[in-house]
Each structure stands twice: as structure tokens, then as C-alpha cells.
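Data file: final_1.tsv. Format and content: TSV, C-alpha atoms.
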```
chain	number	residue	atom	x	y	z
A	1	MET	CA	-18.56	-13.37	1.52
A	2	ILE	CA	-16.07	-12.50	4.23
A	3	GLU	CA	-17.52	-12.59	7.72
A	4	ALA	CA	-17.50	-8.89	8.54
A	5	LEU	CA	-18.05	-9.33	12.28
A	6	GLY	CA	-15.00	-7.77	13.92
A	7	LEU	CA	-14.15	-5.38	11.10
A	8	GLN	CA	-13.68	-1.85	12.38
A	9	HIS	CA	-13.90	1.42	10.46
A	10	THR	CA	-10.31	2.58	10.14
A	11	ARG	CA	-10.92	3.39	6.47
A	12	GLY	CA	-7.27	3.99	5.61
A	13	VAL	CA	-7.00	7.37	7.34
A	14	PRO	CA	-3.73	9.24	6.66
A	15	LEU	CA	-0.90	7.66	8.64
A	16	ARG	CA	0.71	11.10	8.79
A	17	ASN	CA	-2.26	12.28	10.86
A	18	LEU	CA	-1.82	9.37	13.28
A	19	CYS	CA	1.88	10.21	13.72
A	20	LEU	CA	1.07	13.83	14.47
A	21	LEU	CA	-1.63	12.84	16.97
A	22	CYS	CA	0.93	10.61	18.71
A	23	ALA	CA	3.27	13.61	18.90
A	24	VAL	CA	0.48	15.69	20.49
A	25	LEU	CA	-0.22	13.04	23.11
A	26	ARG	CA	3.49	12.64	23.82
A	27	SER	CA	3.98	16.38	24.35
A	28	ASN	CA	0.98	16.46	26.67
A	29	GLY	CA	2.79	14.08	29.01
A	30	SER	CA	-0.35	12.61	30.58
A	31	PRO	CA	-3.61	10.91	29.58
A	32	MET	CA	-5.73	13.16	27.40
A	33	HIS	CA	-9.49	13.31	26.87
A	34	GLN	CA	-10.38	12.25	23.34
A	35	ARG	CA	-12.19	15.51	22.57
A	36	ASP	CA	-9.29	17.67	23.78
A	37	TRP	CA	-6.96	15.46	21.75
A	38	MET	CA	-9.01	15.77	18.58
A	39	LEU	CA	-9.37	19.54	19.09
A	40	ARG	CA	-5.57	19.72	19.13
A	41	GLY	CA	-5.65	17.86	15.84
A	42	LYS	CA	-7.98	20.53	14.49
A	43	ASP	CA	-5.59	23.25	15.72
A	44	LEU	CA	-2.78	21.50	13.83
A	45	GLY	CA	-4.80	21.72	10.64
A	46	LEU	CA	-5.24	17.97	10.14
A	47	ARG	CA	-7.28	17.20	7.06
A	48	GLY	CA	-10.79	16.04	8.05
A	49	PHE	CA	-10.72	17.68	11.49
A	50	GLU	CA	-12.19	21.03	10.44
A	51	SER	CA	-15.62	20.36	11.95
A	52	VAL	CA	-14.51	19.12	15.40
A	53	GLN	CA	-16.38	21.11	18.07
A	54	GLU	CA	-16.09	21.40	21.85
A	55	VAL	CA	-19.52	19.79	22.27
A	56	GLY	CA	-21.55	17.28	20.30
A	57	SER	CA	-20.57	14.09	18.49
A	58	LEU	CA	-17.18	13.75	16.88
A	59	PRO	CA	-17.32	13.71	13.06
A	60	THR	CA	-17.27	10.28	11.46
A	61	ARG	CA	-13.89	10.81	9.80
A	62	VAL	CA	-12.36	11.82	13.14
A	63	ARG	CA	-13.78	8.70	14.80
A	64	HIS	CA	-12.07	6.68	12.06
A	65	HIS	CA	-8.79	8.11	13.37
A	66	LEU	CA	-9.58	6.92	16.90
A	67	TYR	CA	-10.48	3.44	15.64
A	68	SER	CA	-7.20	3.37	13.71
A	69	ILE	CA	-5.15	4.42	16.73
A	70	GLU	CA	-6.74	1.65	18.79
A	71	GLN	CA	-6.36	-1.06	16.15
A	72	LEU	CA	-2.72	-0.13	15.47
A	73	GLU	CA	-2.18	-0.14	19.25
A	74	LEU	CA	-0.66	3.33	19.23
A	75	ALA	CA	-2.64	4.38	22.31
A	76	ARG	CA	-4.93	2.75	24.88
A	77	ALA	CA	-8.24	4.12	26.06
A	78	ARG	CA	-9.48	4.14	29.63
A	79	GLY	CA	-12.95	5.53	29.35
A	80	SER	CA	-12.59	8.68	27.24
A	81	PHE	CA	-8.92	9.21	28.14
A	82	TYR	CA	-6.04	8.01	25.97
A	83	SER	CA	-2.42	7.17	26.82
A	84	LEU	CA	0.34	6.26	24.38
A	85	THR	CA	1.73	2.75	24.09
A	86	ASP	CA	5.49	2.26	23.67
A	87	ILE	CA	5.20	2.15	19.87
A	88	GLY	CA	2.94	5.21	19.88
A	89	TYR	CA	5.50	7.05	22.01
A	90	LYS	CA	8.28	6.11	19.58
A	91	ILE	CA	6.28	7.28	16.56
A	92	GLY	CA	5.39	10.53	18.32
A	93	SER	CA	9.08	11.07	19.09
A	94	LEU	CA	10.04	10.44	15.45
A	95	ALA	CA	7.36	12.86	14.26
A	96	GLU	CA	8.80	15.57	16.52
A	97	ALA	CA	12.41	14.78	15.64
A	98	HIS	CA	11.70	15.06	11.90
A	99	ASP	CA	9.44	18.09	12.34
A	100	LEU	CA	6.59	16.28	10.60
A	101	GLN	CA	3.91	18.68	9.36
A	102	PRO	CA	0.30	18.19	8.26
A	103	SER	CA	-0.29	17.65	4.55
A	104	ASP	CA	-3.22	18.82	2.44
A	105	ARG	CA	-2.23	16.44	-0.34
A	106	ASN	CA	-3.82	13.12	-1.19
A	107	PRO	CA	-3.10	10.74	1.74
A	108	ASP	CA	-1.33	8.30	-0.59
A	109	ASP	CA	1.15	11.02	-1.61
A	110	GLY	CA	1.41	12.67	1.80
A	111	ASP	CA	2.14	9.40	3.62
A	112	MET	CA	4.66	8.19	1.04
A	113	GLU	CA	6.64	11.42	1.44
A	114	MET	CA	7.29	10.85	5.15
A	115	PRO	CA	10.90	10.24	6.29
A	116	GLU	CA	12.14	6.66	5.97
A	117	ALA	CA	12.62	6.31	9.76
A	118	ILE	CA	8.93	7.02	10.31
A	119	GLN	CA	7.86	4.70	7.51
A	120	GLU	CA	10.01	1.90	8.94
A	121	ALA	CA	8.39	2.37	12.36
A	122	LEU	CA	4.97	2.24	10.71
A	123	ARG	CA	5.85	-0.94	8.82
A	124	ARG	CA	6.67	-2.56	12.15
A	125	THR	CA	3.46	-1.17	13.62
A	126	LEU	CA	1.35	-2.72	10.86
A	127	CYS	CA	3.04	-6.10	11.35
A	128	ALA	CA	2.63	-5.92	15.12
A	129	SER	CA	-1.09	-5.15	14.89
A	130	TRP	CA	-3.27	-8.25	15.29
A	131	TYR	CA	-6.02	-6.45	13.39
A	132	VAL	CA	-3.88	-5.72	10.33
A	133	ARG	CA	-2.37	-9.21	10.31
A	134	HIS	CA	-5.71	-10.95	10.74
A	135	TRP	CA	-7.60	-9.06	8.07
A	136	TRP	CA	-4.82	-8.40	5.55
A	137	LEU	CA	-1.19	-9.43	6.02
A	138	ARG	CA	-1.81	-13.08	6.94
A	139	TYR	CA	-2.74	-13.82	3.32
A	140	PHE	CA	0.92	-13.26	2.39
A	141	MET	CA	2.03	-15.88	4.93
A	142	PRO	CA	1.20	-19.49	5.90
A	143	ARG	CA	0.39	-18.42	9.47
A	144	GLU	CA	-1.06	-15.49	11.38
A	145	GLU	CA	1.76	-14.76	13.84
A	146	PHE	CA	4.96	-13.30	12.33
A	147	SER	CA	7.41	-10.41	12.55
A	148	LEU	CA	8.31	-7.87	9.88
A	149	GLU	CA	11.56	-9.73	9.21
A	150	GLU	CA	9.68	-13.02	8.75
A	151	LEU	CA	7.17	-11.38	6.43
A	152	VAL	CA	9.93	-9.98	4.22
A	153	ALA	CA	11.83	-13.29	4.17
A	154	GLU	CA	8.90	-15.69	3.72
A	155	GLY	CA	6.00	-13.67	2.30
A	156	ARG	CA	4.48	-14.70	-1.04
A	157	ASP	CA	2.44	-12.58	-3.44
A	158	ILE	CA	-1.34	-12.43	-3.35
A	159	VAL	CA	-3.64	-11.84	-6.31
A	160	VAL	CA	-6.63	-9.49	-6.17
A	161	GLU	CA	-9.24	-10.51	-8.71
A	162	LEU	CA	-12.00	-8.17	-9.86
A	163	VAL	CA	-14.59	-10.37	-11.53
A	164	PRO	CA	-16.87	-8.89	-14.22
A	165	PRO	CA	-20.43	-7.96	-13.16
A	166	ARG	CA	-21.98	-10.97	-14.91
A	167	ALA	CA	-20.04	-13.33	-12.62
A	168	ARG	CA	-20.92	-11.66	-9.32
A	169	ALA	CA	-23.36	-13.07	-6.78
A	170	ARG	CA	-26.79	-11.59	-6.30
A	171	ARG	CA	-27.50	-9.42	-3.29
A	172	GLN	CA	-28.05	-11.43	-0.12
A	173	VAL	CA	-29.44	-10.71	3.32
A	174	HIS	CA	-27.44	-12.08	6.25
A	175	ASP	CA	-28.47	-11.44	9.87
A	176	GLY	CA	-30.69	-8.61	8.68
A	177	ARG	CA	-27.83	-6.97	6.76
A	178	GLU	CA	-27.90	-6.62	2.99
A	179	ILE	CA	-24.69	-7.91	1.43
A	180	SER	CA	-23.60	-6.93	-2.07
A	181	ASP	CA	-20.90	-8.65	-4.11
A	182	THR	CA	-18.36	-6.00	-5.15
A	183	GLY	CA	-16.52	-8.48	-7.38
A	184	TYR	CA	-13.30	-8.24	-5.36
A	185	ARG	CA	-11.57	-11.51	-4.42
A	186	LEU	CA	-8.32	-12.03	-2.49
A	187	HIS	CA	-6.37	-15.15	-3.49
A	188	SER	CA	-3.47	-16.27	-1.30
A	189	TYR	CA	-0.60	-18.44	-2.53
A	190	PHE	CA	-1.02	-20.56	0.62
A	191	SER	CA	-3.79	-23.15	0.61
A	192	ILE	CA	-4.34	-22.69	4.34
A	193	TRP	CA	-6.35	-19.56	3.49
A	194	GLU	CA	-9.53	-19.76	1.46
A	195	SER	CA	-10.14	-17.11	-1.18
A	196	VAL	CA	-11.92	-14.10	0.27
A	197	HIS	CA	-14.97	-12.41	-1.29
A	198	LEU	CA	-15.30	-8.77	-0.24
A	199	ASP	CA	-18.68	-7.17	0.29
A	200	GLU	CA	-18.88	-3.37	0.25
A	201	SER	CA	-18.01	-2.94	3.93
A	202	ALA	CA	-15.00	-5.27	3.67
A	203	ARG	CA	-13.88	-3.67	0.39
A	204	ARG	CA	-13.76	-0.23	1.99
A	205	GLU	CA	-12.02	-1.46	5.14
A	206	ILE	CA	-9.59	-4.03	3.73
A	207	TYR	CA	-8.97	-3.10	0.09
A	208	GLU	CA	-9.27	0.69	0.39
A	209	GLY	CA	-8.00	0.82	3.97
A	210	LEU	CA	-5.50	-1.78	5.19
A	211	ARG	CA	-4.11	-2.39	1.70
A	212	LYS	CA	-3.48	1.33	1.20
A	213	TRP	CA	-1.72	1.64	4.55
A	214	ALA	CA	0.69	-1.11	3.50
A	215	LEU	CA	1.20	0.51	0.08
A	216	ARG	CA	1.88	3.97	1.53
A	217	VAL	CA	4.76	2.80	3.73
A	218	GLU	CA	6.06	0.46	1.00
A	219	LEU	CA	5.49	-2.67	3.01
A	220	VAL	CA	3.86	-3.97	-0.17
A	221	SER	CA	3.64	-2.83	-3.78
A	222	GLU	CA	1.49	-4.00	-6.67
A	223	VAL	CA	1.48	-4.66	-10.39
A	224	ALA	CA	-1.89	-3.99	-12.00
A	225	GLY	CA	-3.33	-5.96	-14.90
A	226	TRP	CA	-1.31	-9.10	-14.21
A	227	GLU	CA	-3.53	-11.26	-16.43
A	228	SER	CA	-2.43	-9.29	-19.49
A	229	ILE	CA	1.30	-9.71	-18.78
A	230	PHE	CA	2.00	-13.33	-17.90
A	231	GLU	CA	0.21	-16.60	-17.46
A	232	VAL	CA	-1.05	-16.91	-13.90
A	233	GLU	CA	0.72	-19.61	-11.88
A	234	HIS	CA	-1.12	-22.80	-10.95
A	235	GLU	CA	-1.36	-21.87	-7.26
A	236	TYR	CA	-3.50	-18.88	-8.21
A	237	GLN	CA	-5.03	-20.15	-11.45
A	238	GLN	CA	-7.07	-22.83	-9.70
A	239	ARG	CA	-8.72	-20.13	-7.57
A	240	ILE	CA	-9.54	-17.59	-10.28
A	241	GLU	CA	-13.30	-17.47	-10.66
A	242	ALA	CA	-14.16	-15.96	-14.01
A	243	PRO	CA	-12.63	-15.49	-17.48
A	244	GLY	CA	-12.07	-11.82	-18.19
A	245	SER	CA	-11.33	-10.88	-14.57
A	246	ARG	CA	-8.80	-8.16	-13.86
A	247	LEU	CA	-5.92	-9.49	-11.78
A	248	ASP	CA	-3.65	-7.28	-9.69
A	249	ARG	CA	-0.56	-8.81	-8.08
A	250	ILE	CA	0.47	-7.50	-4.65
A	251	TYR	CA	3.91	-8.41	-3.35
A	252	ILE	CA	6.08	-7.79	-0.30
A	253	VAL	CA	8.79	-5.14	-0.76
A	254	ARG	CA	12.02	-6.95	0.08
A	255	ARG	CA	14.73	-4.55	-1.01
A	256	ARG	CA	15.52	-0.84	-0.72
A	257	LEU	CA	18.28	0.70	-2.79
A	258	GLY	CA	20.54	3.30	-1.25
A	259	ASN	CA	21.53	5.32	-4.31
A	260	LEU	CA	21.64	5.53	-8.09
A	261	ASP	CA	24.95	3.65	-8.30
A	262	ASP	CA	23.31	0.59	-6.67
A	263	PHE	CA	20.48	0.82	-9.19
A	264	GLU	CA	22.89	1.04	-12.11
A	265	VAL	CA	24.73	-2.10	-10.96
A	266	LEU	CA	21.40	-3.90	-10.76
A	267	LEU	CA	20.44	-2.60	-14.20
A	268	HIS	CA	23.54	-4.09	-15.79
A	269	GLN	CA	23.02	-7.40	-14.00
A	270	ILE	CA	19.56	-7.57	-15.53
A	271	LYS	CA	21.00	-6.68	-18.93
A	272	VAL	CA	23.32	-9.71	-18.70
A	273	GLN	CA	20.49	-11.99	-17.57
A	274	MET	CA	18.42	-10.86	-20.56
A	275	GLY	CA	21.14	-11.89	-23.01
A	276	ASN	CA	23.10	-8.63	-23.09
A	277	LYS	CA	20.44	-6.94	-25.15
A	278	SER	CA	21.22	-3.28	-25.80
A	279	ARG	CA	17.53	-2.39	-25.47
A	280	ILE	CA	15.21	-3.34	-22.61
A	281	ARG	CA	11.51	-2.53	-22.56
A	282	ILE	CA	10.62	-0.57	-19.45
A	283	PRO	CA	7.61	-2.78	-18.55
A	284	GLU	CA	9.85	-5.87	-18.64
A	285	LEU	CA	12.41	-4.07	-16.49
A	286	THR	CA	9.72	-2.89	-14.08
A	287	ILE	CA	8.24	-6.36	-13.70
A	288	TYR	CA	11.64	-7.95	-13.14
A	289	LEU	CA	12.72	-5.35	-10.56
A	290	SER	CA	9.41	-5.61	-8.71
A	291	LEU	CA	8.65	-9.32	-8.65
A	292	GLN	CA	12.18	-10.75	-8.83
A	293	GLU	CA	14.15	-8.16	-6.85
A	294	GLY	CA	11.35	-6.98	-4.58
A	295	LEU	CA	11.65	-3.25	-5.30
A	296	SER	CA	8.51	-1.15	-4.95
A	297	LEU	CA	7.14	0.59	-8.03
A	298	LYS	CA	7.83	3.89	-6.27
A	299	GLN	CA	11.54	3.02	-5.89
A	300	ILE	CA	11.77	1.89	-9.51
A	301	HIS	CA	10.21	5.11	-10.79
A	302	GLN	CA	12.39	7.26	-8.51
A	303	MET	CA	15.54	5.58	-9.78
A	304	LEU	CA	14.52	5.89	-13.42
A	305	GLU	CA	13.66	9.55	-12.86
A	306	MET	CA	17.19	10.09	-11.52
A	307	LEU	CA	18.86	7.96	-14.20
A	308	TYR	CA	17.23	9.89	-17.05
A	309	PRO	CA	18.97	13.28	-16.51
A	310	GLU	CA	22.03	12.24	-14.50
A	311	ARG	CA	23.29	9.42	-16.75
A	312	ALA	CA	21.99	10.71	-20.08
A	313	SER	CA	25.27	9.94	-21.85
A	314	LYS	CA	24.94	6.24	-21.03
A	315	TYR	CA	21.22	5.57	-21.61
A	316	PHE	CA	18.63	6.70	-24.13
A	317	PHE	CA	14.93	6.53	-23.27
A	318	GLU	CA	12.62	5.76	-26.23
A	319	THR	CA	9.16	7.33	-26.28
A	320	ALA	CA	5.59	6.57	-27.40
A	321	SER	CA	2.24	8.33	-27.17
A	322	ALA	CA	-0.19	7.58	-24.36
A	323	TRP	CA	-2.82	6.77	-27.00
A	324	LEU	CA	-0.62	4.03	-28.44
A	325	LEU	CA	0.18	2.55	-25.05
A	326	LYS	CA	-3.51	2.30	-24.17
A	327	GLN	CA	-4.46	0.35	-27.29
A	328	PRO	CA	-5.81	-3.20	-26.79
A	329	GLY	CA	-2.85	-4.68	-28.65
A	330	ASN	CA	-0.43	-3.54	-25.95
A	331	ARG	CA	-0.35	-6.22	-23.25
A	332	PHE	CA	1.50	-4.08	-20.71
A	333	PRO	CA	-0.58	-1.79	-18.42
A	334	ILE	CA	0.37	1.87	-18.78
A	335	GLU	CA	1.41	1.87	-15.08
A	336	THR	CA	4.42	-0.27	-16.01
A	337	TYR	CA	5.81	2.51	-18.23
A	338	ILE	CA	7.13	5.81	-16.87
A	339	LEU	CA	6.36	9.44	-17.68
A	340	LEU	CA	9.56	11.50	-17.91
A	341	ASP	CA	9.89	15.09	-19.06
A	342	GLY	CA	6.29	15.08	-20.33
A	343	ALA	CA	6.64	11.94	-22.49
A	344	TRP	CA	5.91	8.26	-21.92
A	345	ARG	CA	9.13	6.24	-22.01
A	346	THR	CA	8.90	2.73	-23.40
A	347	SER	CA	12.45	1.34	-23.52
A	348	ILE	CA	15.98	1.97	-22.26
A	349	VAL	CA	18.76	1.78	-24.82
A	350	PHE	CA	22.28	1.16	-23.46
A	351	GLU	CA	24.67	3.45	-25.34
A	352	SER	CA	27.88	1.71	-26.45
```
Write out the structure in this file as C-alpha cells.
Amino acid sequence: MIEALGLQHTRGVPLRNLCLLCAVLRSNGSPMHQRDWMLRGKDLGLRGFESVQEVGSLPTRVRHHLYSIEQLELARARGSFYSLTDIGYKIGSLAEAHDLQPSDRNPDDGDMEMPEAIQEALRRTLCASWYVRHWWLRYFMPREEFSLEELVAEGRDIVVELVPPRARARRQVHDGREISDTGYRLHSYFSIWESVHLDESARREIYEGLRKWALRVELVSEVAGWESIFEVEHEYQQRIEAPGSRLDRIYIVRRRLGNLDDFEVLLHQIKVQMGNKSRIRIPELTIYLSLQEGLSLKQIHQMLEMLYPERASKYFFETASAWLLKQPGNRFPIETYILLDGAWRTSIVFES
């Protein structure tokens, strides 16, 4: 099991909330008491801040925000008073400049809808944070110290294995703390890092927290159900623990397309590389664009959603039922297809 000493409780709080709190502290212009600061968050309507009161303990979810601010080095505490760091000041400025507003949507959706300038600043913040690098991002690299540019240029995929219950360890007691095996394993491409077993505390903090932060700002993306698509490479295969495990592949996002024309050029390049076939299965296209070109799944889906109505005379999208796609005989996870106009699309046909 991972040694949990040193893990905090950031719990993947909405990054949008952290940006807005930075904006509050920036507009205040001087150090601010944590309770006054969190009360301002309540006034803004931040999700999870409804029960903040002028006296008494801060709610657990609100304390998670403070832990996150400290671990991302957005602000520094002196006693109960907080002051912004340079990066916190920049993010607060961007939040004001883009008129960022609270969101009552799922944090994954709300964070991913933030302006690109803010997301870029947050990508740099995650890479600059020792905490995020040490507990999460280092597994993509052969070392623990690196910049965003180095991560994008040199980073290699990691595999998250979820082993079946029969292969999990029994409950253990370590230093008076009961440890349960959640079945989650992190396997790095680089042999310098041992595979990591996540207990429940580490699963919530690393897998549900730090991983989701990186996904929301498209620093990384992931392909689920990797074991059903391709044979796992030797570097990972020798670490996989149990037959029948689910394997998710998480990769660094290396490319961002500017417009639909760029995507169409890339689409035709792939068509040539696949032997000039007039029909390409969407899962095969998705996997190529993600793992070979480094596009996030969000970018791929956005481009296909634009291509479908705007270039309808050039491409035809074949359909299939969700029931059929979920059958055991289909080796591609349903996430690698795309839902357009109420129907699951399975292939793109290039019109002559």
C-alpha cells in the first residue's frame, strides 16, 4: 500500500472555486482572515459553502478548499491570515478579466468550461506544485522535478489497473490504522517508480482528486478499458497483477487544435496512414488521435461534434444502438464512440 503519511485532503475540489477565491483575495488587497475569506465565498454562492457561519468550525468541504489552496501554493498562511502568491495573484486576475462566475454544475463539467487562459495557468500551477508532482505527475516522468514543457515533451502514459475483488489483499492494520485494498494500482512506464497500491484514503485523494484536477484542465486525458482494445506493452504487462483486471490508460495531452480546418487536415492524414480507406471506425480514430497525436478526448469529441453538421456533404456518420455497442463481443468501450444528434455514431465514411 502507498505510504499515506503526507497526503492531505484536497479531494479534488472545483478548481473554478479556487480561482474565484483567488479573485476575492486579490480584490481585498491585503491579508484576509480565513473565516472572512470563506464567508465571501459563501456570498459568491460557491458550491459547498452554504453552511459557513461566522462562528464555529469551518465545514469539512470548505477546509478541503483551504488545503487545496495551500498545496497548489496559491496563497500562504500566517496564522489564520492568507496572502496570495504570485501565481495565485495571476489566477485571480484572470478570473476577474474573464468575469468567471460560480457554477452549480458537476465540477468536472464546470472546470472544463473555463476559458483556455485560466486552464493554461492551472496546468502550470499543477506542474509547479510539489504536492501534485510527488503524489501524481511524477509517475508520467523519470524524475520528480520538471516543468510543464518538459512534461509535455517527455511524459509517458501510465496505466491504472483495477484488480478484481478476488485478487485484492485482506484488510491490514498499520500504525493503528485499518487499511483496505481498493484494487486500484498505478503502473508507471518508468522502472524508477514502483507500482502503487491505493488504499481508500489514497484512492480518494490521488485517483478521485489529483487525477481529476489534471483531467479537468486537460493536462491529461484517458482511454478506459485499454485491456479490451490492444495488447498491453511489455513495460506495463510485467507489472499487471491479475488476469481480468480493468486497465485505463492515462496520457499527457500534447496537442491542441485551433479550429475545424486543422482537424480536417489531420483526419485526412490519418486516412492516408490507414491505407486510404473510405471508412474509419470512430474508436480507431479516437485511439489514434489520443495516443498518437496527443489530443484529449474532449477535443476529439468537440471536433467531431462540429464536423457532423458543418461538413455533412463530405462525411457520413454511421450509427448503431447503445445495446449493440455494450455487448461483450464489442471490444471497444462505449466511451470511444460518440453520441451525435441522439444516436451513437460508429464510423465516419468519406464521401467521394
(message) Using all atoms listed in the file, can you tell me which of A:Asp157, A:Glu208, A:Glu178, A:Glu310 comes closest to Phe190 (chain A)?
(response) A:Asp157
Non-local contacts of region 132-147 of chain A (12 Å; only C-alpha atoms; under 6 positions in same chain excluded) as an mmCIF file with C-alpha atoms, in the coordinates of the input:
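Listing of around_30.cif after writing:
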```cif
data_model
loop_
_atom_site.group_PDB
_atom_site.id
_atom_site.type_symbol
_atom_site.label_atom_id
_atom_site.label_comp_id
_atom_site.auth_asym_id
_atom_site.auth_seq_id
_atom_site.Cartn_x
_atom_site.Cartn_y
_atom_site.Cartn_z
ATOM 1 C CA ILE A 2 -16.070 -12.500 4.230
ATOM 2 C CA GLU A 3 -17.520 -12.590 7.720
ATOM 3 C CA ALA A 4 -17.500 -8.890 8.540
ATOM 4 C CA LEU A 5 -18.050 -9.330 12.280
ATOM 5 C CA GLY A 6 -15.000 -7.770 13.920
ATOM 6 C CA LEU A 7 -14.150 -5.380 11.100
ATOM 7 C CA GLN A 8 -13.680 -1.850 12.380
ATOM 8 C CA THR A 10 -10.310 2.580 10.140
ATOM 9 C CA GLY A 12 -7.270 3.990 5.610
ATOM 10 C CA SER A 68 -7.200 3.370 13.710
ATOM 11 C CA GLU A 70 -6.740 1.650 18.790
ATOM 12 C CA GLN A 71 -6.360 -1.060 16.150
ATOM 13 C CA LEU A 72 -2.720 -0.130 15.470
ATOM 14 C CA GLU A 73 -2.180 -0.140 19.250
ATOM 15 C CA LEU A 122 4.970 2.240 10.710
ATOM 16 C CA ARG A 123 5.850 -0.940 8.820
ATOM 17 C CA ARG A 124 6.670 -2.560 12.150
ATOM 18 C CA THR A 125 3.460 -1.170 13.620
ATOM 19 C CA LEU A 126 1.350 -2.720 10.860
ATOM 20 C CA ALA A 153 11.830 -13.290 4.170
ATOM 21 C CA GLU A 154 8.900 -15.690 3.720
ATOM 22 C CA GLY A 155 6.000 -13.670 2.300
ATOM 23 C CA ARG A 156 4.480 -14.700 -1.040
ATOM 24 C CA ASP A 157 2.440 -12.580 -3.440
ATOM 25 C CA ILE A 158 -1.340 -12.430 -3.350
ATOM 26 C CA VAL A 159 -3.640 -11.840 -6.310
ATOM 27 C CA VAL A 160 -6.630 -9.490 -6.170
ATOM 28 C CA ARG A 185 -11.570 -11.510 -4.420
ATOM 29 C CA LEU A 186 -8.320 -12.030 -2.490
ATOM 30 C CA HIS A 187 -6.370 -15.150 -3.490
ATOM 31 C CA SER A 188 -3.470 -16.270 -1.300
ATOM 32 C CA TYR A 189 -0.600 -18.440 -2.530
ATOM 33 C CA PHE A 190 -1.020 -20.560 0.620
ATOM 34 C CA SER A 191 -3.790 -23.150 0.610
ATOM 35 C CA ILE A 192 -4.340 -22.690 4.340
ATOM 36 C CA TRP A 193 -6.350 -19.560 3.490
ATOM 37 C CA GLU A 194 -9.530 -19.760 1.460
ATOM 38 C CA SER A 195 -10.140 -17.110 -1.180
ATOM 39 C CA VAL A 196 -11.920 -14.100 0.270
ATOM 40 C CA LEU A 198 -15.300 -8.770 -0.240
ATOM 41 C CA ALA A 202 -15.000 -5.270 3.670
ATOM 42 C CA ARG A 203 -13.880 -3.670 0.390
ATOM 43 C CA GLU A 205 -12.020 -1.460 5.140
ATOM 44 C CA ILE A 206 -9.590 -4.030 3.730
ATOM 45 C CA TYR A 207 -8.970 -3.100 0.090
ATOM 46 C CA GLU A 208 -9.270 0.690 0.390
ATOM 47 C CA GLY A 209 -8.000 0.820 3.970
ATOM 48 C CA LEU A 210 -5.500 -1.780 5.190
ATOM 49 C CA ARG A 211 -4.110 -2.390 1.700
ATOM 50 C CA LYS A 212 -3.480 1.330 1.200
ATOM 51 C CA TRP A 213 -1.720 1.640 4.550
ATOM 52 C CA ALA A 214 0.690 -1.110 3.500
ATOM 53 C CA LEU A 215 1.200 0.510 0.080
ATOM 54 C CA LEU A 219 5.490 -2.670 3.010
ATOM 55 C CA VAL A 220 3.860 -3.970 -0.170
ATOM 56 C CA ARG A 249 -0.560 -8.810 -8.080
ATOM 57 C CA ILE A 250 0.470 -7.500 -4.650
ATOM 58 C CA TYR A 251 3.910 -8.410 -3.350
ATOM 59 C CA ILE A 252 6.080 -7.790 -0.300
ATOM 60 C CA VAL A 253 8.790 -5.140 -0.760
#
```
(request) Find the residue from A:Gln269, A:Gln238, A:Gln34, A:Ser290 that sits nearest to Gly79 (chain A); use all atoms listed in the file when measuring. (result) A:Gln34
Kindly list the centre and edge lengths in Å, rounded to one decimal, for the axis-aligned box that covers all listed atoms of region 189-207 of chain A plus 3 Å on each of its six sides, as AutoDock Vina command-line options.
```
--center_x -9.7 --center_y -11.7 --center_z 1.3 --size_x 24.3 --size_y 28.9 --size_z 13.7
```
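Picture a line from CA of Pro333 (chain A) to CA of Gly225 (chain A); it runs 6.1 Å.
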(message) Could you list, as number ranges by chain, every residue within 7 Å of region 58-65 of chain A, counting all atoms listed in the file and ignoring same-chain residues fewer than 2 positions away?
(response) A: 9-11, 13, 48-49, 51-52, 56, 67-69
Could you save the residues just selected, with C-alpha atoms, as a PDB file, in the coordinates of the input?
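Done, and the output landed in out_31.pdb:
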```pdb
ATOM      1  CA  HIS A   9     -13.900   1.420  10.460  1.00  0.00           C
ATOM      2  CA  THR A  10     -10.310   2.580  10.140  1.00  0.00           C
ATOM      3  CA  ARG A  11     -10.920   3.390   6.470  1.00  0.00           C
ATOM      4  CA  VAL A  13      -7.000   7.370   7.340  1.00  0.00           C
ATOM      5  CA  GLY A  48     -10.790  16.040   8.050  1.00  0.00           C
ATOM      6  CA  PHE A  49     -10.720  17.680  11.490  1.00  0.00           C
ATOM      7  CA  SER A  51     -15.620  20.360  11.950  1.00  0.00           C
ATOM      8  CA  VAL A  52     -14.510  19.120  15.400  1.00  0.00           C
ATOM      9  CA  GLY A  56     -21.550  17.280  20.300  1.00  0.00           C
ATOM     10  CA  TYR A  67     -10.480   3.440  15.640  1.00  0.00           C
ATOM     11  CA  SER A  68      -7.200   3.370  13.710  1.00  0.00           C
ATOM     12  CA  ILE A  69      -5.150   4.420  16.730  1.00  0.00           C
TER      13      ILE A  69
END
```
Which residues, written as a tab-separated table (two decimals) with C-alpha atoms, in the frame of the given file, have at least one atom at most 10 Å from Asp86 (chain A), with all atoms listed in the file counted and residues fewer than 5 positions away on the same chain left out?
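Written out: around-v8.tsv:
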```tsv
chain	number	residue	atom	x	y	z
A	73	GLU	CA	-2.18	-0.14	19.25
A	74	LEU	CA	-0.66	3.33	19.23
A	75	ALA	CA	-2.64	4.38	22.31
A	91	ILE	CA	6.28	7.28	16.56
A	92	GLY	CA	5.39	10.53	18.32
```
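Across the model, the gap from CA of Arg256 (chain A) to CA of Thr346 (chain A) is 23.9 Å.
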(request) Do a neighbour search on Trp344 (chain A) at 6 Å with all atoms listed in the file, toss out local chain neighbours closer than 4 positions, and write the hits as a count of residues only. (result) 4
(request) Dig up all the protein and nucleic acid residues within 12 Å of (10.5, 10.8, 19.3) in the file frame, using all atoms listed in the file, and format them as a ChimeraX atom specification. (result) /A:19-20,22-27,86-100,117-118,121
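Taking all atoms listed in the file into account, Leu162 (chain A) lies nearest to A:Ala242 out of the set A:Ala242, A:Leu84, A:Met112, A:Val272.
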(message) Between CA of Ile334 (chain A) and CA of Ser352 (chain A), what is the distance in Å, rounded to a tenth?
(response)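 Interatomic distance here is 28.6 Å.
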(request) Write out as a list in words which residues come within 8 Å of Ser83 (chain A) when counting only C-alpha atoms, dropping same-chain ones fewer than 5 positions away. (result) Leu25, Ser30, Pro31, Met32, Ala75, Arg76 and Ala77 of chain A
(message) Given all atoms listed in the file as the basis, pick out the residue of A:Tyr82, A:Tyr236, A:Arg47, A:Pro14 nearest to Gly29 (chain A).
(response)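 When distances to Gly29 (chain A) are compared using all atoms listed in the file, the smallest one comes from A:Tyr82.
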(request) Could you tell me which of A:Arg171, A:Glu293, A:Leu148, A:Asn17 comes closest to Leu266 (chain A) if we count only C-alpha atoms? (result)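 Under the stated criterion, the closest residue is A:Glu293.
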(request) Find, counting only C-alpha atoms, the residue in A:Trp37, A:Trp130, A:Phe332, A:Phe350 that gets nearest to Phe317 (chain A). (result) A:Phe350
